[in-house]
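Peer 1: Got a file for you: target.txt, compact mmCIF, C-alpha atoms.
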# COMPACT_ATOMS: atom_id res chain seq x y z
CA PRO I 10 0.00 0.00 0.00
CA ILE I 11 1.13 3.54 -0.74
CA ASP I 12 0.79 4.60 2.92
CA LYS I 13 3.33 2.00 3.99
CA PRO I 14 6.45 3.91 5.17
CA LEU I 15 9.66 3.67 3.18
CA LYS I 16 11.73 2.77 6.24
CA SER I 17 14.85 1.84 4.32
CA ALA I 18 15.61 2.24 0.63
CA LEU I 19 18.20 1.32 -1.96
CA ALA I 20 18.53 4.16 -4.48
CA ILE I 21 20.10 4.43 -7.94
CA CYS I 22 22.18 7.49 -8.84
CA GLU I 23 23.06 8.09 -12.49
CA SER I 24 23.59 11.86 -12.56
CA ASP I 25 24.24 14.91 -10.40
CA THR I 26 20.50 15.62 -10.55
CA HIS I 27 19.83 12.22 -9.00
CA ALA I 28 22.43 12.97 -6.33
CA ALA I 29 20.66 16.26 -5.59
CA MET I 30 17.32 14.43 -5.34
CA ILE I 31 18.79 11.91 -2.90
CA GLU I 32 20.23 14.78 -0.89
CA ALA I 33 16.83 16.52 -0.78
CA LEU I 34 15.03 13.34 0.32
CA GLN I 35 17.54 12.84 3.11
CA GLU I 36 17.56 16.45 4.30
CA ARG I 37 13.75 16.61 4.41
CA GLY I 38 13.55 13.32 6.29
CA LEU I 39 11.27 11.79 3.65
CA VAL I 40 13.14 8.54 3.08
CA GLU I 41 15.96 6.77 4.88
CA ILE I 42 18.31 5.85 2.04
CA THR I 43 20.86 3.40 3.39
CA HIS I 44 22.67 2.38 0.19
CA VAL I 45 23.14 3.85 -3.29
CA LEU I 46 23.96 2.10 -6.55
CA THR I 47 25.96 4.50 -8.72
CA THR I 48 27.12 4.68 -12.33
CA GLY I 49 29.96 7.07 -11.54
CA ALA I 50 31.50 9.36 -8.95
CA PHE I 51 29.29 12.15 -7.58
CA SER I 52 30.81 14.53 -5.04
CA ARG I 53 27.37 15.48 -3.73
CA LEU I 54 26.80 11.86 -2.67
CA ASP I 55 30.14 11.68 -0.88
CA ARG I 56 29.00 14.44 1.47
CA LEU I 57 25.94 12.45 2.55
CA ASN I 58 27.83 9.61 4.19
CA ILE I 59 25.72 6.90 2.53
CA ALA I 60 27.21 3.56 1.51
CA GLN I 61 27.78 3.34 -2.25
CA THR I 62 28.34 0.51 -4.71
CA ARG I 63 29.45 1.14 -8.29
CA LEU I 64 27.44 -0.67 -10.94
CA PRO I 65 29.36 -2.75 -13.52
CA ALA I 66 31.00 -0.61 -16.20
CA ALA I 67 30.05 -1.09 -19.84
CA GLU I 68 33.61 -1.15 -21.15
CA GLN I 69 34.75 -4.44 -22.67
CA GLN I 70 31.63 -6.33 -21.57
CA GLN I 71 28.61 -7.60 -23.41
CA PRO I 72 25.29 -5.94 -22.49
CA ALA I 73 23.83 -9.30 -21.46
CA ASP I 74 26.74 -9.87 -19.04
CA ILE I 75 26.32 -6.42 -17.50
CA TRP I 76 22.58 -7.04 -17.18
CA ARG I 77 23.14 -10.28 -15.24
CA GLN I 78 25.82 -8.71 -13.02
CA THR I 79 23.61 -5.69 -12.30
CA GLN I 80 20.63 -7.86 -11.37
CA SER I 81 22.75 -10.12 -9.15
CA LEU I 82 24.24 -7.13 -7.34
CA THR I 83 20.82 -5.51 -6.93
CA THR I 84 19.27 -8.66 -5.49
CA GLU I 85 22.12 -8.96 -3.00
CA LEU I 86 21.86 -5.34 -1.84
CA LEU I 87 18.07 -5.08 -1.65
CA SER I 88 17.77 -7.39 1.37
CA ASP I 89 14.88 -5.81 3.34
CA ARG I 90 15.18 -2.49 1.51
CA GLU I 91 12.77 -1.03 -1.02
CA LEU I 92 13.89 0.44 -4.34
CA LEU I 93 13.94 4.15 -5.09
CA TYR I 94 14.87 5.32 -8.60
CA PHE I 95 14.52 8.38 -10.79
CA GLN I 96 14.36 7.11 -14.37
CA ASP I 97 13.86 3.78 -16.11
CA GLN I 98 14.62 4.67 -19.72
CA GLY I 99 18.13 3.18 -19.65
CA TRP I 100 18.47 -0.58 -19.54
CA THR I 101 20.81 -0.44 -16.53
CA SER I 102 18.04 1.07 -14.41
CA GLN I 103 15.61 -1.35 -16.04
CA ALA I 104 17.80 -4.26 -14.95
CA VAL I 105 17.80 -2.96 -11.37
CA SER I 106 14.03 -2.42 -11.40
CA MET I 107 13.28 -5.84 -12.89
CA ALA I 108 15.49 -7.54 -10.29
CA ALA I 109 13.52 -5.78 -7.56
CA LYS I 110 10.20 -6.75 -9.10
CA ALA I 111 11.27 -10.39 -9.47
CA ARG I 112 11.84 -10.65 -5.73
CA GLY I 113 8.61 -8.81 -4.81
CA THR I 114 10.26 -5.57 -3.68
CA ARG I 115 8.19 -2.40 -3.79
CA ARG I 116 9.58 0.15 -6.25
CA THR I 117 9.07 3.92 -6.18
CA LEU I 118 9.94 5.93 -9.30
CA ILE I 119 10.32 9.72 -8.96
CA GLN I 120 10.37 11.76 -12.18
CA ASP I 121 13.72 13.53 -12.63
CA GLY I 122 13.02 15.93 -15.51
CA PHE I 123 10.39 17.42 -17.80
CA LEU I 124 9.08 14.65 -20.07
CA SER I 125 5.52 15.47 -21.17
CA PHE I 126 6.44 16.57 -24.67
CA ASP I 127 3.97 17.10 -27.50
CA PRO I 128 2.82 13.51 -28.27
CA ARG I 129 2.33 14.25 -31.98
CA ARG I 130 6.11 14.51 -32.39
CA ALA I 131 7.15 12.20 -29.59
CA PHE I 132 5.02 9.22 -30.61
CA GLY I 133 3.22 9.87 -33.89
CA TRP I 134 1.12 6.90 -35.02
CA ARG I 135 2.51 4.76 -32.18
CA LYS I 136 0.15 6.46 -29.75
CA SER I 137 -2.80 4.76 -31.44
CA ILE I 138 -1.42 1.28 -30.64
CA TRP I 139 -0.73 1.88 -26.93
CA PRO I 140 -3.59 -0.43 -25.86
CA VAL I 141 -1.89 -3.23 -27.81
CA SER I 142 1.79 -2.34 -27.33
CA SER I 143 1.40 -2.09 -23.55
CA ARG I 144 0.67 -5.83 -23.62
CA LEU I 145 3.38 -6.76 -26.11
CA ASP I 146 6.53 -5.32 -24.57
CA HIS I 147 6.76 -7.59 -21.52
CA LEU I 148 9.88 -9.75 -21.37
CA PRO I 149 10.77 -12.17 -18.55
CA LEU I 150 11.82 -10.12 -15.54
CA GLN I 151 15.37 -11.44 -15.42
CA ALA I 152 15.92 -12.11 -19.12
CA SER I 153 19.36 -10.72 -20.01
CA ARG I 154 18.38 -9.32 -23.39
CA PRO I 155 19.01 -5.57 -23.13
CA ARG I 156 19.45 -5.14 -26.89
CA LEU I 157 16.03 -6.65 -27.55
CA ARG I 158 14.56 -4.43 -24.83
CA SER I 159 16.15 -1.37 -26.42
CA PHE I 160 14.83 -2.37 -29.86
CA LEU I 161 11.28 -2.78 -28.53
CA ASN I 162 11.46 0.47 -26.60
CA ASN I 163 12.71 2.45 -29.57
CA THR I 164 10.27 0.84 -32.01
CA LEU I 165 7.16 1.12 -29.88
CA TYR I 166 7.86 4.33 -27.99
CA ARG I 167 10.59 6.23 -29.87
CA ASN I 168 12.74 6.62 -26.77
CA ASN I 169 9.82 8.00 -24.74
CA PHE I 170 9.28 5.24 -22.22
CA PHE I 171 9.57 6.69 -18.73
CA GLY I 172 7.52 4.33 -16.55
CA ILE I 173 8.01 1.25 -18.74
CA THR I 174 9.02 -0.84 -15.70
CA ARG I 175 5.52 -0.23 -14.27
CA PRO I 176 6.56 0.38 -10.67
CA GLU I 177 4.23 0.07 -7.72
CA SER I 178 4.40 3.84 -7.12
CA VAL I 179 5.25 6.71 -9.48
CA LEU I 180 5.66 10.39 -8.54
CA VAL I 181 5.26 12.71 -11.54
CA TYR I 182 5.44 16.40 -12.45
CA GLY I 183 1.83 16.89 -13.54
CA ASN I 184 -1.46 15.43 -14.72
CA ALA I 185 -0.22 15.37 -18.32
CA MET I 186 2.43 12.81 -17.34
CA LYS I 187 -0.05 10.82 -15.26
CA PHE I 188 -2.46 10.62 -18.20
CA ARG I 189 0.33 9.34 -20.44
CA LEU I 190 1.47 6.64 -18.04
CA VAL I 191 -2.06 5.36 -17.53
CA HIS I 192 -2.66 5.05 -21.27
CA GLN I 193 0.84 4.16 -22.48
CA PHE I 194 1.68 1.44 -19.98
CA GLY I 195 -1.62 0.68 -18.29
CA ILE I 196 -0.36 1.74 -14.86
CA SER I 197 -3.17 2.08 -12.33
CA PRO I 198 -4.13 5.74 -11.70
CA LYS I 199 -4.02 4.97 -7.96
CA ALA I 200 -0.29 4.17 -8.27
CA ILE I 201 0.55 7.54 -9.89
CA HIS I 202 0.87 10.58 -7.65
CA VAL I 203 1.06 14.14 -9.01
CA THR I 204 3.60 15.81 -6.73
CA GLY I 205 5.41 18.21 -9.03
CA PRO I 206 9.23 18.19 -9.15
CA LEU I 207 11.16 17.20 -6.04
CA LEU I 208 13.77 19.89 -6.81
CA ARG I 209 11.70 22.97 -7.41
CA PRO I 210 11.29 26.64 -6.55
CA GLU I 211 8.56 27.89 -4.24
CA ALA I 212 6.70 29.51 -7.14
CA LEU I 213 6.98 30.67 -10.75
CA ARG I 214 6.74 34.30 -11.77
CA ASP I 215 4.59 35.62 -14.60
CA THR I 216 6.35 38.96 -15.07
CA SER I 217 9.97 39.69 -16.00
CA PRO I 218 12.27 42.49 -14.82
CA LEU I 219 12.41 45.56 -17.05
CA LEU I 220 15.20 45.69 -19.62
CA ALA I 221 15.86 49.29 -18.53
CA GLY I 222 16.91 50.51 -21.97
CA ARG I 223 19.55 47.85 -22.58
CA GLU I 224 21.27 48.09 -25.97
CA ASN I 225 21.70 44.34 -26.24
CA LEU I 226 20.12 41.26 -24.69
CA ARG I 227 21.83 38.90 -22.27
CA VAL I 228 20.80 35.48 -23.60
CA LEU I 229 21.21 32.20 -21.76
CA PHE I 230 21.35 29.09 -23.95
CA LEU I 231 20.47 25.83 -22.17
CA ASP I 232 22.30 22.95 -23.85
CA GLN I 233 21.04 19.35 -23.97
CA CYS I 234 22.29 15.85 -24.89
CA HIS I 235 20.17 15.33 -27.98
CA LEU I 236 22.61 13.11 -29.85
CA ARG I 237 23.85 11.01 -26.94
CA TYR I 238 20.31 10.04 -25.94
CA HIS I 239 19.06 9.67 -29.52
CA ARG I 240 16.63 12.57 -29.20
CA MET I 241 17.78 14.17 -32.46
CA CYS I 242 19.38 12.98 -35.69
CA GLN I 243 22.83 14.12 -36.78
CA HIS I 244 21.36 16.11 -39.67
CA ASP I 245 19.10 18.19 -37.40
CA TRP I 246 21.97 18.67 -34.95
CA GLU I 247 24.15 20.13 -37.70
CA THR I 248 21.52 22.08 -39.65
CA ARG I 249 19.18 23.30 -36.90
CA TYR I 250 20.63 22.95 -33.39
CA LEU I 251 24.13 24.31 -33.94
CA PRO I 252 22.87 27.13 -36.24
CA LEU I 253 20.51 28.16 -33.43
CA ILE I 254 23.51 28.66 -31.13
CA LYS I 255 25.38 30.55 -33.87
CA ALA I 256 22.39 32.86 -34.33
CA LEU I 257 22.66 33.85 -30.66
CA ARG I 258 26.23 35.17 -31.06
CA GLN I 259 24.90 38.64 -31.89
CA TYR I 260 23.69 38.92 -28.30
CA GLU I 261 25.57 38.77 -25.02
CA LEU I 262 25.58 34.99 -24.93
CA TYR I 263 25.87 32.69 -21.94
CA VAL I 264 26.03 28.93 -22.54
CA LYS I 265 24.99 26.42 -19.89
CA LEU I 266 26.47 23.06 -20.87
CA HIS I 267 24.60 19.87 -20.05
CA PRO I 268 26.29 17.77 -17.32
CA SER I 269 26.18 14.61 -19.46
CA GLN I 270 27.22 16.12 -22.79
CA THR I 271 29.98 14.17 -24.56
CA GLU I 272 33.34 15.76 -25.30
CA ALA I 273 32.74 15.77 -29.07
CA GLU I 274 29.35 17.45 -28.79
CA THR I 275 30.62 19.91 -26.19
CA THR I 276 33.25 20.94 -28.72
CA ASP I 277 30.48 21.43 -31.32
CA VAL I 278 28.46 23.60 -28.95
CA LEU I 279 31.39 25.78 -27.88
CA LYS I 280 32.53 26.21 -31.48
CA ALA I 281 29.01 27.26 -32.48
CA ALA I 282 28.98 29.76 -29.61
CA GLY I 283 32.05 31.40 -31.10
CA GLY I 284 34.54 30.93 -28.29
CA HIS I 285 32.69 33.09 -25.77
CA ASP I 286 34.13 33.12 -22.28
CA THR I 287 30.65 33.08 -20.72
CA VAL I 288 30.37 29.29 -20.46
CA LEU I 289 28.65 28.33 -17.22
CA GLY I 290 30.01 24.79 -16.97
CA THR I 291 28.08 21.62 -16.25
CA ASN I 292 26.84 22.01 -12.67
CA ARG I 293 23.06 21.86 -12.31
CA LEU I 294 21.34 25.21 -11.97
CA PRO I 295 19.76 26.20 -8.64
CA ASN I 296 15.98 25.85 -8.25
CA SER I 297 15.67 29.58 -8.90
CA LEU I 298 18.25 31.04 -11.27
CA ASP I 299 20.41 33.79 -9.76
CA LEU I 300 22.16 34.79 -13.01
CA SER I 301 21.76 38.27 -14.53
CA VAL I 302 20.31 37.40 -17.93
CA ASP I 303 17.31 38.78 -19.82
CA VAL I 304 16.00 35.70 -21.61
CA ALA I 305 16.72 31.98 -22.00
CA VAL I 306 16.64 29.87 -25.17
CA THR I 307 16.41 26.08 -25.23
CA VAL I 308 14.83 23.17 -27.04
CA SER I 309 13.33 21.49 -23.98
CA SER I 310 15.67 21.75 -20.97
CA THR I 311 14.08 21.19 -17.56
CA ALA I 312 16.16 24.17 -16.40
CA PHE I 313 13.42 26.38 -17.86
CA VAL I 314 11.74 25.95 -14.46
CA SER I 315 14.65 27.71 -12.73
CA CYS I 316 14.36 30.54 -15.24
CA LEU I 317 10.63 31.08 -14.75
CA ALA I 318 11.14 31.08 -10.98
CA ALA I 319 13.46 34.07 -11.42
CA GLY I 320 11.15 35.83 -13.89
CA ILE I 321 13.41 35.08 -16.86
CA PRO I 322 11.33 34.45 -20.01
CA VAL I 323 12.04 31.35 -22.09
CA ILE I 324 11.93 30.65 -25.83
CA PHE I 325 11.47 26.98 -26.75
CA CYS I 326 12.96 26.46 -30.22
CA ASP I 327 11.96 23.37 -32.17
CA CYS I 328 15.11 21.96 -33.80
CA GLY I 329 13.50 18.85 -35.27
CA GLY I 330 14.20 16.44 -32.40
CA LEU I 331 11.72 14.24 -30.58
CA ASP I 332 11.32 16.67 -27.69
CA LEU I 333 8.79 19.21 -28.93
CA MET I 334 7.63 21.43 -26.08
CA PRO I 335 3.92 22.18 -25.76
CA HIS I 336 2.70 25.74 -26.20
CA PHE I 337 2.05 26.89 -22.64
CA ALA I 338 -0.44 29.67 -21.98
CA HIS I 339 2.10 31.56 -19.90
CA PRO I 340 3.30 35.14 -20.46
CA LEU I 341 6.97 34.23 -19.98
CA THR I 342 7.11 31.38 -22.50
CA THR I 343 6.90 31.33 -26.26
CA ASN I 344 7.75 28.88 -29.03
CA SER I 345 9.73 29.17 -32.25
CA THR I 346 10.44 26.83 -35.13
CA SER I 347 13.86 28.02 -36.34
CA ALA I 348 16.96 30.03 -35.50
CA GLN I 349 15.64 32.88 -37.67
CA GLN I 350 12.31 33.05 -35.88
CA THR I 351 14.10 32.94 -32.53
CA SER I 352 16.22 35.95 -33.55
CA LEU I 353 13.08 37.83 -34.62
CA LEU I 354 11.46 37.16 -31.25
CA LEU I 355 14.57 38.35 -29.42
CA ASP I 356 14.77 41.52 -31.52
CA MET I 357 11.09 42.17 -30.89
CA PHE I 358 11.69 41.77 -27.16
CA LEU I 359 14.63 44.18 -27.22
CA LYS I 360 12.81 46.87 -29.23
CA SER I 361 9.46 46.73 -27.45
CA GLN I 362 10.81 45.94 -23.95
CA ASN I 363 7.93 43.46 -23.70
CA PHE I 364 8.41 39.72 -24.05
CA PRO I 365 6.12 38.27 -26.76
CA GLY I 366 4.75 35.48 -24.56
CA ASN I 367 2.06 32.97 -25.46
CA THR I 368 -1.50 34.15 -24.89
CA ARG I 369 -3.07 30.78 -25.66
CA GLY I 370 -2.09 27.17 -25.22
CA GLU I 371 -2.00 24.42 -22.63
CA SER I 372 -2.03 25.04 -18.92
CA LEU I 373 1.52 24.99 -17.54
CA GLU I 374 0.16 23.67 -14.23
CA ASP I 375 -1.10 20.56 -16.05
CA HIS I 376 2.53 19.74 -16.87
CA LEU I 377 4.24 21.32 -13.86
CA TYR I 378 2.32 21.17 -10.60
CA LEU I 379 3.74 23.37 -7.82
CA PRO I 380 1.49 23.01 -4.76
CA LYS I 381 2.11 25.15 -1.70
CA ALA I 382 1.90 22.11 0.55
CA ASN I 383 4.55 19.38 0.39
CA PRO I 384 2.91 16.37 -1.28
CA PHE I 385 6.04 14.25 -0.89
CA ALA I 386 5.45 14.14 2.87
CA GLN I 387 2.07 12.54 2.18
CA VAL I 388 3.22 10.08 -0.49
CA LEU I 389 6.50 9.16 1.20
CA PRO I 390 5.69 9.25 4.94
CA LYS I 391 8.43 8.85 7.52
Can you turn what I pasted into structure tokens?
Peer 2:
Amino acid sequence: PIDKPLKSALAICESDTHAAMIEALQERGLVEITHVLTTGAFSRLDRLNIAQTRLPAAEQQQPADIWRQTQSLTTELLSDRELLYFQDQGWTSQAVSMAAKARGTRRTLIQDGFLSFDPRRAFGWRKSIWPVSSRLDHLPLQASRPRLRSFLNNTLYRNNFFGITRPESVLVYGNAMKFRLVHQFGISPKAIHVTGPLLRPEALRDTSPLLAGRENLRVLFLDQCHLRYHRMCQHDWETRYLPLIKALRQYELYVKLHPSQTEAETTDVLKAAGGHDTVLGTNRLPNSLDLSVDVAVTVSSTAFVSCLAAGIPVIFCDCGGLDLMPHFAHPLTTNSTSAQQTSLLLDMFLKSQNFPGNTRGESLEDHLYLPKANPFAQVLPK
């Protein structure tokens, strides 16, 4: 039952964001995490004094071997613990989750980033076969066939399969994500809890600071790992994504690199930015951005939440990838379809001193619920 306390949990950490989520859960006394499975070294975790075990590395091993090793290690460490994880779109986390399910362990999945993209782009015709596909993609819980799993996931869901492990409890950003999980994977509505983000500001603003007669805009570009995670093809990366960054050179440009960006793609991004010395590095942004910029541009970075919390307007530019942001009816968000249109919107903002925000569209709250009360204390009682 959902009201059963999580007295002791085994967590998975695959990024600095996950480390920050574990830190928040510990500091708020929501869950007692006694052991963490990691995919790398995270300094934030080291400060928490929690036992850690590194998952098997992928180098020089077959995926099936890593799958079996990961499941064996997970089964050994679970003991009387429950499983707490933050994404299940990679087959390493799927292996961990399936090992927990095979032994009857309760699993709690907490959403780690914005994922309720426009389904027309994200799924296309596949959305019409969800009632059938949700019954076809089951493989034996401990079958060491990660390549087959990846093939099914990509074919049926186009890399949009958060929740595919069908955990006993899921905590999501908004009702839009809950609706998708119910229909895409047949998860019971009672198992899905709309809590909003764990790492979040107290509130979002709907007005931005005045430009005060600035001669040029300070633009923050929020980078993402579109190629590494197969969210965009190479052609769109070269002909739409990188040209978008180049188009922003005419402004006072700040570039926030993604923490998981590869070296090759980081080089592409920095080259497109023109060698500016205003690169913010790879550390995750605070819940409310404290940087002096006028506007942010991104394809679909979750960091847009930090911007709106600080009253910084955001332009979502469609660069042809899978992650097409909805049009939110919010005065500090707007959408563009090209680098040229983005530049026009920025110039309009600079000349008029008023951000050309959306006046119609979907409710932002439907995708990003920010209640005043703390719902995590109700869903994850001490």
Peer 1: Mind dumping a table of every range 107-189 of chain I residue within 12 Å of range 16-35 of chain I, with the nearest atom pair and its distance in Å to one decimal, using only C-alpha atoms, sorted by chain and rising number, as JSON lines?
Peer 2:
{"residue": "I:Ala109", "atom": "CA", "partner": "I:Leu19", "partner_atom": "CA", "distance": 10.2}
{"residue": "I:Thr114", "atom": "CA", "partner": "I:Ala18", "partner_atom": "CA", "distance": 10.4}
{"residue": "I:Arg115", "atom": "CA", "partner": "I:Ala18", "partner_atom": "CA", "distance": 9.8}
{"residue": "I:Arg116", "atom": "CA", "partner": "I:Ala18", "partner_atom": "CA", "distance": 9.4}
{"residue": "I:Thr117", "atom": "CA", "partner": "I:Ala18", "partner_atom": "CA", "distance": 9.6}
{"residue": "I:Leu118", "atom": "CA", "partner": "I:Ala20", "partner_atom": "CA", "distance": 10.0}
{"residue": "I:Ile119", "atom": "CA", "partner": "I:Met30", "partner_atom": "CA", "distance": 9.2}
{"residue": "I:Gln120", "atom": "CA", "partner": "I:His27", "partner_atom": "CA", "distance": 10.0}
{"residue": "I:Asp121", "atom": "CA", "partner": "I:His27", "partner_atom": "CA", "distance": 7.2}
{"residue": "I:Gly122", "atom": "CA", "partner": "I:Thr26", "partner_atom": "CA", "distance": 9.0}
Peer 1: What is the distance, in Å and to one decimal place, between CA of Cys326 in chain I and CA of Thr276 in chain I?
Peer 2: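 So the answer is 21.1 Å.
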Peer 1: Name the closest residue to Gln78 in chain I among the candidates I:Pro65, I:Thr271, I:Asp375, I:Ala312; distances are taken between atoms, counting all atoms listed in the file.
Peer 2: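 Of the candidates, the smallest distance to Gln78 in chain I is held by I:Pro65.
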Peer 1: What lies within 6 Å of range 125-128 of chain I using all atoms listed in the file, ignoring chain neighbours under 4 positions off, as a list in words?
Peer 2: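 So the residues in contact are Phe132, Met186, Asp332, Leu333, Met334 and Pro335 of chain I.
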Peer 1: Mind checking which residues fall within 9 Å of Ser269 in chain I, counting all atoms listed in the file, ignoring those fewer than 5 positions away in the same chain, and posting them as a PyMOL selection string?
Peer 2: chain I and resi 24+233-234+237+291
Peer 1: Which residue out of I:Leu220, I:Asp215, I:Leu82, I:Ser315 has the minimum interatomic distance to Gly366 in chain I when all atoms listed in the file are used?
Peer 2: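 Looking only at the distances to Gly366 in chain I, the closest residue turns out to be I:Asp215.
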Peer 1: Within 7 Å of His376 in chain I, counting all atoms listed in the file, which residues qualify if same-chain residues fewer than 3 places away don't, as a list in words?
Peer 2: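 In the requested format, the answer is Ser125, Tyr182, Gly183, Asn184, Ala185, Met186 and Leu373 of chain I.
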Peer 1: Between CA of Asp299 in chain I and CA of Ala386 in chain I, what is the spacing in Å?
Peer 2: 27.7 Å
Peer 1: Using all atoms listed in the file, find the one residue out of I:Ser345, I:Asn292, I:Gln350, I:Thr79 that sits nearest to Phe51 in chain I.
Peer 2: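 Residue with the minimum atom-to-atom distance to Phe51 in chain I: I:Asn292.
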Peer 1: CA of Asp303 in chain I to CA of His336 in chain I: how many Å, to one decimal?
Peer 2: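 According to the coordinates, CA of Asp303 in chain I and CA of His336 in chain I are separated by 20.6 Å.
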Peer 1: Counting all atoms listed in the file, select every polymer residue within 10 Å of (25.1, 30.6, -22.4) as defined in the file's coordinates, and provide the selection as a PDB file with C-alpha atoms, in the frame of the given file.
Peer 2:
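See selection13.pdb below for the written result:
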ATOM      1  CA  ARG I 227      21.830  38.900 -22.270  1.00  0.00           C
ATOM      2  CA  VAL I 228      20.800  35.480 -23.600  1.00  0.00           C
ATOM      3  CA  LEU I 229      21.210  32.200 -21.760  1.00  0.00           C
ATOM      4  CA  PHE I 230      21.350  29.090 -23.950  1.00  0.00           C
ATOM      5  CA  LEU I 231      20.470  25.830 -22.170  1.00  0.00           C
ATOM      6  CA  ASP I 232      22.300  22.950 -23.850  1.00  0.00           C
ATOM      7  CA  ILE I 254      23.510  28.660 -31.130  1.00  0.00           C
ATOM      8  CA  LEU I 257      22.660  33.850 -30.660  1.00  0.00           C
ATOM      9  CA  ARG I 258      26.230  35.170 -31.060  1.00  0.00           C
ATOM     10  CA  GLU I 261      25.570  38.770 -25.020  1.00  0.00           C
ATOM     11  CA  LEU I 262      25.580  34.990 -24.930  1.00  0.00           C
ATOM     12  CA  TYR I 263      25.870  32.690 -21.940  1.00  0.00           C
ATOM     13  CA  VAL I 264      26.030  28.930 -22.540  1.00  0.00           C
ATOM     14  CA  LYS I 265      24.990  26.420 -19.890  1.00  0.00           C
ATOM     15  CA  LEU I 266      26.470  23.060 -20.870  1.00  0.00           C
ATOM     16  CA  LEU I 279      31.390  25.780 -27.880  1.00  0.00           C
ATOM     17  CA  ALA I 282      28.980  29.760 -29.610  1.00  0.00           C
ATOM     18  CA  HIS I 285      32.690  33.090 -25.770  1.00  0.00           C
ATOM     19  CA  ASP I 286      34.130  33.120 -22.280  1.00  0.00           C
ATOM     20  CA  THR I 287      30.650  33.080 -20.720  1.00  0.00           C
ATOM     21  CA  VAL I 288      30.370  29.290 -20.460  1.00  0.00           C
ATOM     22  CA  LEU I 289      28.650  28.330 -17.220  1.00  0.00           C
ATOM     23  CA  GLY I 290      30.010  24.790 -16.970  1.00  0.00           C
ATOM     24  CA  VAL I 302      20.310  37.400 -17.930  1.00  0.00           C
ATOM     25  CA  ALA I 305      16.720  31.980 -22.000  1.00  0.00           C
ATOM     26  CA  VAL I 306      16.640  29.870 -25.170  1.00  0.00           C
TER      27      VAL I 306
END
